[in-house]
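Shown next: run.cif, given as mmCIF, C-alpha atoms and all ligand atoms.
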data_work
#
loop_
_atom_site.label_atom_id
_atom_site.label_comp_id
_atom_site.auth_asym_id
_atom_site.auth_seq_id
_atom_site.Cartn_x
_atom_site.Cartn_y
_atom_site.Cartn_z
CA MET A 1 -41.95 -20.74 -40.78
CA THR A 2 -38.91 -22.46 -39.33
CA ASN A 3 -39.37 -26.17 -39.86
CA LEU A 4 -36.95 -28.82 -38.66
CA SER A 5 -33.91 -28.89 -40.96
CA SER A 6 -33.29 -32.06 -42.97
CA ASN A 7 -30.50 -32.95 -40.50
CA GLN A 8 -32.85 -32.56 -37.55
CA LEU A 9 -35.51 -34.67 -39.27
CA LYS A 10 -32.93 -37.34 -39.99
CA GLN A 11 -31.88 -37.31 -36.34
CA TYR A 12 -35.52 -37.77 -35.30
CA GLU A 13 -36.03 -40.62 -37.76
CA ASP A 14 -32.75 -42.40 -36.91
CA LYS A 15 -32.63 -41.86 -33.15
CA GLY A 16 -36.23 -41.19 -32.09
CA PHE A 17 -35.53 -37.69 -30.76
CA VAL A 18 -34.18 -34.33 -31.81
CA SER A 19 -32.45 -31.96 -29.38
CA PRO A 20 -31.59 -29.24 -28.46
CA ILE A 21 -33.88 -26.72 -30.19
CA ASN A 22 -33.91 -23.05 -29.12
CA ILE A 23 -37.38 -21.71 -28.36
CA PHE A 24 -37.32 -18.78 -25.93
CA SER A 25 -34.88 -16.75 -23.83
CA LYS A 26 -33.71 -17.66 -20.33
CA GLU A 27 -35.45 -14.49 -19.08
CA LYS A 28 -38.75 -15.82 -20.43
CA ALA A 29 -38.03 -19.17 -18.79
CA LYS A 30 -37.54 -17.36 -15.45
CA GLU A 31 -40.91 -15.61 -15.86
CA ILE A 32 -42.58 -18.96 -16.52
CA ARG A 33 -40.89 -20.53 -13.49
CA LYS A 34 -42.18 -17.64 -11.39
CA GLU A 35 -45.75 -18.24 -12.60
CA ILE A 36 -45.47 -21.96 -11.76
CA GLU A 37 -44.19 -21.06 -8.29
CA ILE A 38 -47.02 -18.55 -7.76
CA ILE A 39 -49.50 -21.38 -8.38
CA GLU A 40 -47.61 -23.67 -5.99
CA ASN A 41 -47.60 -20.97 -3.30
CA GLU A 42 -51.27 -20.04 -3.67
CA ILE A 43 -52.64 -23.59 -3.89
CA PRO A 44 -49.92 -25.92 -2.60
CA SER A 45 -51.52 -29.16 -3.85
CA GLU A 46 -52.53 -27.86 -7.30
CA LEU A 47 -49.45 -29.07 -9.21
CA ASN A 48 -48.67 -32.14 -7.09
CA LYS A 49 -49.16 -35.76 -8.15
CA SER A 50 -52.05 -35.98 -10.65
CA GLY A 51 -52.31 -32.15 -10.46
CA ARG A 52 -49.14 -31.87 -12.54
CA TYR A 53 -51.16 -32.62 -15.66
CA ASN A 54 -52.67 -29.87 -17.78
CA ALA A 55 -51.28 -26.85 -15.93
CA HIS A 56 -51.56 -25.02 -19.28
CA LEU A 57 -55.32 -24.79 -18.59
CA ILE A 58 -54.77 -22.54 -15.55
CA SER A 59 -51.56 -20.68 -16.46
CA PRO A 60 -51.54 -18.12 -19.30
CA LEU A 61 -47.74 -18.40 -19.63
CA LEU A 62 -47.79 -22.20 -19.94
CA ASP A 63 -50.66 -21.79 -22.42
CA GLU A 64 -48.42 -19.42 -24.40
CA VAL A 65 -45.66 -22.05 -24.48
CA THR A 66 -48.11 -24.75 -25.55
CA HIS A 67 -49.24 -22.63 -28.53
CA ASN A 68 -45.78 -21.18 -29.32
CA SER A 69 -45.45 -20.89 -33.10
CA LYS A 70 -41.74 -21.86 -33.11
CA ILE A 71 -42.61 -25.13 -31.38
CA LEU A 72 -45.57 -25.71 -33.70
CA ASP A 73 -43.39 -25.16 -36.79
CA LYS A 74 -41.08 -27.97 -35.67
CA VAL A 75 -43.97 -30.22 -34.67
CA GLN A 76 -45.59 -29.62 -38.06
CA SER A 77 -42.48 -31.05 -39.77
CA ILE A 78 -43.22 -34.35 -38.02
CA ILE A 79 -47.02 -34.71 -37.81
CA GLY A 80 -48.32 -32.35 -40.51
CA GLU A 81 -50.18 -29.05 -40.49
CA ASN A 82 -53.32 -29.98 -38.54
CA ILE A 83 -52.24 -30.08 -34.92
CA LEU A 84 -54.09 -30.65 -31.63
CA VAL A 85 -52.78 -30.31 -28.08
CA CYS A 86 -54.05 -33.26 -26.11
CA GLY A 87 -52.38 -32.56 -22.77
CA THR A 88 -49.38 -31.31 -20.85
CA THR A 89 -47.36 -32.53 -17.87
CA LEU A 90 -45.05 -30.71 -15.49
CA PHE A 91 -42.10 -32.91 -14.56
CA ILE A 92 -40.60 -31.18 -11.54
CA LYS A 93 -37.71 -32.67 -9.57
CA ASN A 94 -36.82 -30.87 -6.41
CA PRO A 95 -33.34 -31.15 -4.91
CA ASN A 96 -33.11 -33.61 -2.01
CA GLU A 97 -36.16 -35.54 -3.22
CA LYS A 98 -36.08 -39.02 -4.69
CA GLY A 99 -37.78 -38.18 -8.01
CA PHE A 100 -36.80 -40.20 -11.07
CA VAL A 101 -38.57 -41.50 -14.17
CA SER A 102 -38.27 -45.21 -14.99
CA TYR A 103 -37.41 -46.14 -18.59
CA HIS A 104 -40.60 -46.44 -20.65
CA GLN A 105 -42.24 -45.88 -24.01
CA ASP A 106 -45.03 -43.27 -24.01
CA ALA A 107 -47.07 -45.17 -26.64
CA LYS A 108 -47.40 -48.10 -24.22
CA TYR A 109 -49.90 -46.36 -21.95
CA ILE A 110 -51.08 -43.14 -23.54
CA GLY A 111 -53.81 -44.63 -25.80
CA LEU A 112 -53.20 -42.44 -28.87
CA GLU A 113 -53.57 -44.21 -32.22
CA PRO A 114 -52.35 -44.03 -34.96
CA ARG A 115 -48.96 -42.83 -33.74
CA ASN A 116 -49.03 -39.55 -35.61
CA TRP A 117 -47.95 -37.63 -32.53
CA VAL A 118 -44.86 -36.21 -30.91
CA THR A 119 -43.90 -35.03 -27.43
CA ALA A 120 -42.16 -31.72 -26.74
CA TRP A 121 -40.08 -31.44 -23.54
CA VAL A 122 -39.50 -27.75 -22.81
CA ALA A 123 -36.81 -26.78 -20.29
CA ILE A 124 -38.04 -24.16 -17.81
CA THR A 125 -34.76 -24.55 -15.88
CA ASP A 126 -31.50 -25.90 -17.27
CA SER A 127 -31.66 -29.69 -17.49
CA ASN A 128 -28.40 -31.64 -17.32
CA GLU A 129 -26.83 -34.84 -16.01
CA LYS A 130 -26.42 -33.42 -12.51
CA ASN A 131 -30.09 -32.49 -12.07
CA GLY A 132 -31.52 -35.57 -13.81
CA CYS A 133 -32.18 -34.68 -17.44
CA MET A 134 -34.05 -37.09 -19.70
CA ARG A 135 -32.00 -39.91 -21.22
CA MET A 136 -32.90 -41.61 -24.49
CA TRP A 137 -32.23 -45.13 -25.73
CA SER A 138 -31.30 -44.06 -29.22
CA GLY A 139 -32.96 -46.05 -32.04
CA SER A 140 -35.27 -47.98 -29.67
CA HIS A 141 -38.33 -46.40 -31.38
CA LYS A 142 -37.75 -48.69 -34.38
CA ASP A 143 -38.64 -51.86 -32.43
CA ASN A 144 -42.11 -53.01 -31.41
CA LEU A 145 -43.61 -51.95 -28.11
CA LYS A 146 -41.71 -53.64 -25.32
CA ASP A 147 -43.03 -55.38 -22.20
CA HIS A 148 -43.19 -53.00 -19.25
CA ASP A 149 -43.28 -54.02 -15.58
CA GLN A 150 -45.20 -51.91 -13.10
CA LYS A 151 -42.80 -50.90 -10.34
CA PHE A 152 -44.32 -48.64 -7.76
CA ASN A 153 -40.92 -47.55 -6.43
CA GLU A 154 -40.71 -44.61 -4.12
CA GLY A 155 -39.91 -41.50 -6.09
CA ASN A 156 -40.98 -42.77 -9.51
CA LEU A 157 -42.75 -39.85 -11.17
CA LEU A 158 -44.69 -42.15 -13.51
CA THR A 159 -48.21 -42.92 -12.32
CA ARG A 160 -47.86 -46.68 -12.67
CA GLY A 161 -44.09 -46.99 -12.54
CA GLN A 162 -43.97 -48.34 -16.08
CA THR A 163 -40.51 -49.88 -16.59
CA VAL A 164 -38.78 -51.49 -19.59
CA LYS A 165 -36.27 -54.18 -18.59
CA ASN A 166 -32.66 -54.45 -19.74
CA VAL A 167 -32.14 -50.89 -20.88
CA PRO A 168 -28.42 -50.32 -21.64
CA LYS A 169 -28.28 -47.28 -19.36
CA ASP A 170 -24.59 -46.57 -20.04
CA GLU A 171 -25.40 -46.21 -23.71
CA THR A 172 -28.35 -43.85 -23.30
CA THR A 173 -28.02 -40.25 -24.51
CA PRO A 174 -28.52 -37.40 -22.01
CA LEU A 175 -30.65 -34.59 -23.43
CA ILE A 176 -28.84 -31.57 -22.06
CA LEU A 177 -30.96 -28.44 -22.40
CA LYS A 178 -30.60 -24.81 -21.37
CA ALA A 179 -33.70 -23.10 -19.98
CA GLY A 180 -35.76 -22.07 -23.02
CA GLN A 181 -34.66 -25.00 -25.22
CA MET A 182 -36.66 -28.12 -26.01
CA SER A 183 -36.37 -31.65 -27.29
CA LEU A 184 -38.91 -33.59 -29.36
CA HIS A 185 -39.33 -37.32 -28.88
CA HIS A 186 -41.05 -40.17 -30.69
CA PRO A 187 -43.99 -42.13 -29.17
CA THR A 188 -41.98 -45.37 -29.00
CA VAL A 189 -38.48 -44.24 -28.03
CA VAL A 190 -37.45 -45.70 -24.64
CA HIS A 191 -36.51 -42.92 -22.20
CA GLY A 192 -36.27 -42.12 -18.50
CA SER A 193 -34.34 -39.93 -16.08
CA ASP A 194 -32.29 -40.11 -12.87
CA LEU A 195 -32.38 -38.25 -9.57
CA ASN A 196 -31.76 -34.53 -9.23
CA ARG A 197 -28.39 -34.27 -7.46
CA SER A 198 -28.11 -30.48 -7.74
CA ASN A 199 -29.14 -27.75 -5.32
CA ASP A 200 -31.94 -26.33 -7.46
CA ARG A 201 -35.17 -27.57 -8.99
CA ARG A 202 -35.28 -29.20 -12.43
CA ILE A 203 -38.49 -28.16 -14.20
CA GLY A 204 -39.62 -29.61 -17.52
CA PHE A 205 -42.91 -28.59 -19.12
CA VAL A 206 -43.97 -31.35 -21.46
CA ILE A 207 -46.60 -31.07 -24.17
CA GLN A 208 -47.75 -34.65 -24.10
CA SER A 209 -48.57 -34.66 -26.72
CA TYR A 210 -49.10 -32.80 -29.97
CA ILE A 211 -51.31 -35.08 -32.05
CA GLY A 212 -52.47 -35.01 -35.67
CA THR A 213 -56.22 -34.45 -36.07
CA ASN A 214 -56.45 -38.07 -37.36
CA VAL A 215 -55.39 -39.49 -33.96
CA LYS A 216 -57.95 -41.17 -31.67
CA GLN A 217 -57.87 -41.81 -27.93
CA ILE A 218 -58.55 -45.55 -27.67
CA LEU A 219 -58.45 -45.89 -23.87
CA GLY A 220 -60.90 -43.16 -22.84
CA LYS A 221 -61.62 -39.51 -23.43
CA ASN A 222 -59.19 -36.67 -24.07
CA SER A 223 -60.29 -33.11 -24.64
CA VAL A 224 -58.06 -31.11 -26.96
CA GLN A 225 -57.23 -27.62 -28.17
CA LEU A 226 -56.76 -26.84 -31.84
CA ALA A 227 -53.20 -25.52 -32.08
CA ARG A 228 -52.90 -25.12 -35.86
CA GLY A 229 -54.78 -25.92 -39.08
CA VAL A 230 -58.25 -27.47 -39.28
CA ASP A 231 -59.82 -30.48 -37.65
CA ASN A 232 -61.93 -32.35 -40.18
CA PHE A 233 -62.08 -35.47 -38.00
CA ASN A 234 -63.58 -34.07 -34.81
CA PHE A 235 -62.68 -37.13 -32.74
CA HIS A 236 -62.28 -35.10 -29.53
CA GLU A 237 -64.15 -32.49 -27.53
CA LYS A 238 -62.53 -29.03 -27.83
CA ILE A 239 -61.71 -26.95 -24.79
CA GLY A 240 -60.77 -23.28 -24.40
CA ARG A 241 -57.64 -21.45 -23.32
CA PRO A 242 -57.08 -19.46 -20.11
CA ASN A 243 -57.08 -15.66 -19.94
CA LEU A 244 -56.33 -15.42 -16.26
CA LEU A 245 -54.06 -17.18 -13.82
CA MET A 246 -55.93 -19.79 -11.74
CA ASP A 247 -59.39 -18.77 -12.90
CA ARG A 248 -62.02 -20.72 -10.89
CA ASN A 249 -63.67 -22.26 -13.95
CA ASP A 250 -60.30 -23.21 -15.43
CA LEU A 251 -59.31 -24.91 -12.17
CA LYS A 252 -62.51 -26.99 -12.39
CA LEU A 253 -61.84 -27.85 -16.03
CA LYS A 254 -58.30 -28.96 -15.19
CA LYS A 255 -59.62 -31.22 -12.43
CA LYS A 256 -62.19 -32.79 -14.77
CA GLU A 257 -59.57 -33.40 -17.48
CA ASN A 258 -57.16 -34.92 -14.97
CA ASP A 259 -59.81 -37.26 -13.59
CA ASN A 260 -60.37 -38.54 -17.16
CA LEU A 261 -56.64 -38.93 -17.62
CA GLN A 262 -56.28 -41.09 -14.51
CA LYS A 263 -58.87 -43.48 -16.01
CA ILE A 264 -56.79 -43.72 -19.21
CA PHE A 265 -53.56 -44.34 -17.31
CA TYR A 266 -55.04 -47.10 -15.17
CA LYS A 267 -56.86 -48.83 -18.02
CA GLY A 268 -54.94 -51.72 -19.51
CA SER A 269 -53.24 -52.47 -16.23
CA ASN A 270 -53.41 -56.26 -15.81
CA LYS A 271 -53.12 -58.52 -12.79
CA LYS A 272 -49.74 -59.92 -13.77
CA GLY A 273 -47.99 -56.67 -13.04
CA SER A 274 -47.02 -55.98 -16.62
CA TYR A 275 -48.92 -54.55 -19.53
O1 LIG B 301 -38.96 -35.30 -17.24
C1 LIG B 301 -38.54 -36.43 -17.20
O2 LIG B 301 -37.55 -36.72 -16.56
C2 LIG B 301 -39.21 -37.53 -18.00
C3 LIG B 301 -40.26 -37.02 -18.92
C4 LIG B 301 -40.93 -38.05 -19.76
O3 LIG B 301 -40.91 -39.22 -19.49
C5 LIG B 301 -41.63 -37.62 -20.96
O4 LIG B 301 -41.63 -36.41 -21.26
O5 LIG B 301 -42.21 -38.48 -21.67
#

Show this structure as structure tokens.
Ligand SMILES: O=C(O)CCC(=O)C(=O)O
Amino acid sequence: MTNLSSNQLKQYEDKGFVSPINIFSKEKAKEIRKEIEIIENEIPSELNKSGRYNAHLISPLLDEVTHNSKILDKVQSIIGENILVCGTTLFIKNPNEKGFVSYHQDAKYIGLEPRNWVTAWVAITDSNEKNGCMRMWSGSHKDNLKDHDQKFNEGNLLTRGQTVKNVPKDETTPLILKAGQMSLHHPTVVHGSDLNRSNDRRIGFVIQSYIGTNVKQILGKNSVQLARGVDNFNFHEKIGRPNLLMDRNDLKLKKKENDNLQKIFYKGSNKKGSY
């Protein structure tokens, strides 16, 4: 087992993230990109908008990443040995599109309590300042949850445009990753990302999130997969893993899960435009 080192754990505790961590080769990353692009070519709308959630349910290679033992070893250092996968998101920014992610805290809208969970951002392509890598407001995870406005700006990849005000953007840390590396981030660290100004796609596959078996979904229903250990709590329905690419039943399951997720994301939205 290769846990996080004590330095890496200290970085996570002090800053709210740890990065970069090597997971797989750039050749493997290329294979995964190819599988994502096969799905996009075969069913053009499948990974768009709300379809970008839970692609690991229809892609054996993304499933393999989600259950990768190197990733799970690191995650175990943070949330303990009993680990569930409660969802994944593909954050794809194409060149010449206006995609960005407003600064937000995941714990504000994701409904997972207690906060014994962590998010893994896995680089399928290189991710850097030119193509709009994630940026972290270091140490912001130590404060309470902040007010978020809902800004439905064109290009915002977040469903409700959740936005924290007064983020010191010049002081944020860019998480520069090579394809095959990952970062881990805390539920309350403020983070976001800018436009892709390169000539190629920026693809991040995000396990959002790995949760301890003691974590409940307080805004709705999440199905989960057992990734490691035992689940003595049984708070969530368990779902299977794909054997084939784009299997018909798996496509249906993904749609059902994503419909439930939309309900979670829109719950808690109030009329004042902040939540
Ligand atoms: O991929 C991005 O730019 C942002 C991803 C994000 O917000 C997250 O993983 O929580």

Original post:
Once you count only C-alpha atoms and all ligand atoms, which residues end up within 7 Å of ligand LIG 301 (chain B), and could you hand them over as a count of residues only?
Top reply: 15

**OP:** May I ask for the distance between atom CA of A:Leu226 and atom CA of A:Pro187, given in Å to one decimal place?
**Re:**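 Separating atom CA of A:Leu226 from atom CA of A:Pro187 is a distance of 20.1 Å.
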
Using 10 Å as the limit and counting only C-alpha atoms, can you tabulate each residue of stretch 161-202 of chain A that touches stretch 18-22 of chain A, with its shortest atom-to-atom distance in Å and the two atoms involved, as CSV?
residue,atom,partner,partner_atom,distance
A:Pro174,CA,A:Ser19,CA,10.0
A:Leu175,CA,A:Ser19,CA,6.7
A:Ile176,CA,A:Pro20,CA,7.3
A:Leu177,CA,A:Pro20,CA,6.1
A:Lys178,CA,A:Pro20,CA,8.4
A:Ala179,CA,A:Asn22,CA,9.1
A:Gly180,CA,A:Asn22,CA,6.4
A:Gln181,CA,A:Asn22,CA,4.4
A:Met182,CA,A:Ile21,CA,5.2
A:Ser183,CA,A:Ser19,CA,4.5
A:Leu184,CA,A:Val18,CA,5.4
A:His185,CA,A:Val18,CA,6.6
A:His186,CA,A:Val18,CA,9.1

**OP:** Work out how far atom CA of A:Val189 is from atom CA of A:Pro168, in Å to one decimal.
**Re:**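 Result for atom CA of A:Pro168 versus atom CA of A:Val189: 13.4 Å, one decimal.
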
**OP:** Select, counting only C-alpha atoms, all protein, DNA and RNA residues no farther than 12 Å from (-40.2, -49.8, -28.2) in file coordinates, and express the selection as a ChimeraX atom specification.
**Re:** /A:16,103-108,136-148,163-165,167,186-191

Original post:
If you measure from atom CA of A:Tyr210 to atom CA of A:Pro44, what distance in Å do you get, rounded to one decimal?
Top reply: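 Separation of atom CA of A:Tyr210 and atom CA of A:Pro44: 28.2 Å.
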
Original post:
Got a sec: who's within 9 Å of A:Gly87, counting only C-alpha atoms, leaving out chain neighbours fewer than 2 positions off, as a list in words?
Top reply: Tyr53, Asn54, Ala55, His56, Val85, Thr89, Val206, Ile207, Gln208, Ser209, Tyr210, Asn222, Ser223, Val224, Gln225 and Glu257 of chain A

Provide stretch 119-131 of chain A of the preceding structure as a file containing all heavy atoms, as a compact mmCIF listing (two decimals), in the first residue's frame.
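So result21.txt came out as:
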# COMPACT_ATOMS: atom_id res chain seq x y z
N THR A 119 -12.30 14.59 -2.89
CA THR A 119 -12.49 14.56 -4.34
C THR A 119 -11.15 14.36 -5.04
O THR A 119 -10.17 15.04 -4.72
CB THR A 119 -13.15 15.88 -4.80
OG1 THR A 119 -14.42 15.97 -4.15
CG2 THR A 119 -13.35 15.91 -6.31
N ALA A 120 -11.14 13.43 -5.99
CA ALA A 120 -9.92 13.17 -6.78
C ALA A 120 -10.12 13.72 -8.18
O ALA A 120 -11.11 13.39 -8.84
CB ALA A 120 -9.66 11.67 -6.85
N TRP A 121 -9.21 14.58 -8.61
CA TRP A 121 -9.26 15.18 -9.98
C TRP A 121 -8.14 14.52 -10.76
O TRP A 121 -6.96 14.73 -10.49
CB TRP A 121 -9.05 16.68 -9.88
CG TRP A 121 -9.50 17.49 -11.06
CD1 TRP A 121 -10.63 18.24 -11.14
CD2 TRP A 121 -8.81 17.68 -12.33
NE1 TRP A 121 -10.70 18.87 -12.38
CE2 TRP A 121 -9.60 18.54 -13.12
CE3 TRP A 121 -7.62 17.19 -12.86
CZ2 TRP A 121 -9.23 18.93 -14.41
CZ3 TRP A 121 -7.26 17.57 -14.16
CH2 TRP A 121 -8.06 18.43 -14.91
N VAL A 122 -8.50 13.69 -11.73
CA VAL A 122 -7.51 12.90 -12.47
C VAL A 122 -7.34 13.50 -13.86
O VAL A 122 -8.32 13.67 -14.61
CB VAL A 122 -7.98 11.42 -12.59
CG1 VAL A 122 -6.93 10.58 -13.29
CG2 VAL A 122 -8.30 10.84 -11.21
N ALA A 123 -6.09 13.81 -14.21
CA ALA A 123 -5.80 14.46 -15.50
C ALA A 123 -5.74 13.41 -16.61
O ALA A 123 -4.87 12.54 -16.60
CB ALA A 123 -4.48 15.22 -15.40
N ILE A 124 -6.66 13.53 -17.56
CA ILE A 124 -6.65 12.64 -18.73
C ILE A 124 -5.82 13.28 -19.84
O ILE A 124 -5.24 12.61 -20.68
CB ILE A 124 -8.10 12.35 -19.21
CG1 ILE A 124 -8.96 11.82 -18.05
CG2 ILE A 124 -8.12 11.38 -20.40
CD1 ILE A 124 -8.47 10.55 -17.40
N THR A 125 -5.78 14.64 -19.85
CA THR A 125 -4.80 15.36 -20.67
C THR A 125 -3.96 16.17 -19.68
O THR A 125 -4.35 16.31 -18.51
CB THR A 125 -5.50 16.37 -21.61
OG1 THR A 125 -6.22 17.32 -20.79
CG2 THR A 125 -6.45 15.68 -22.57
N ASP A 126 -2.85 16.73 -20.15
CA ASP A 126 -2.14 17.67 -19.28
C ASP A 126 -3.12 18.78 -18.87
O ASP A 126 -4.05 19.11 -19.62
CB ASP A 126 -0.97 18.33 -20.04
CG ASP A 126 0.16 17.34 -20.34
OD1 ASP A 126 0.10 16.19 -19.86
OD2 ASP A 126 1.08 17.75 -21.07
N SER A 127 -2.89 19.34 -17.70
CA SER A 127 -3.75 20.43 -17.24
C SER A 127 -2.82 21.51 -16.69
O SER A 127 -2.01 21.23 -15.79
CB SER A 127 -4.70 19.88 -16.17
OG SER A 127 -5.61 20.87 -15.78
N ASN A 128 -2.90 22.70 -17.26
CA ASN A 128 -1.92 23.74 -16.90
C ASN A 128 -2.58 25.12 -17.01
O ASN A 128 -3.77 25.22 -17.32
CB ASN A 128 -0.68 23.63 -17.80
CG ASN A 128 -1.09 23.55 -19.27
OD1 ASN A 128 -1.94 24.32 -19.72
ND2 ASN A 128 -0.52 22.60 -20.01
N GLU A 129 -1.81 26.17 -16.75
CA GLU A 129 -2.43 27.50 -16.71
C GLU A 129 -2.98 27.91 -18.07
O GLU A 129 -3.98 28.59 -18.17
CB GLU A 129 -1.44 28.52 -16.17
CG GLU A 129 -1.20 28.27 -14.68
CD GLU A 129 -0.47 29.40 -14.01
OE1 GLU A 129 -1.11 30.36 -13.58
OE2 GLU A 129 0.76 29.30 -13.93
N LYS A 130 -2.33 27.44 -19.14
CA LYS A 130 -2.80 27.83 -20.47
C LYS A 130 -4.16 27.20 -20.79
O LYS A 130 -5.03 27.85 -21.38
CB LYS A 130 -1.75 27.41 -21.52
CG LYS A 130 -2.10 27.88 -22.88
CD LYS A 130 -0.92 27.98 -23.81
CE LYS A 130 -1.37 28.68 -25.08
NZ LYS A 130 -0.48 28.48 -26.17
N ASN A 131 -4.35 25.94 -20.41
CA ASN A 131 -5.61 25.29 -20.79
C ASN A 131 -6.66 25.30 -19.66
O ASN A 131 -7.69 24.63 -19.76
CB ASN A 131 -5.39 23.89 -21.38
CG ASN A 131 -4.89 22.86 -20.38
OD1 ASN A 131 -4.89 23.11 -19.17
ND2 ASN A 131 -4.48 21.72 -20.87
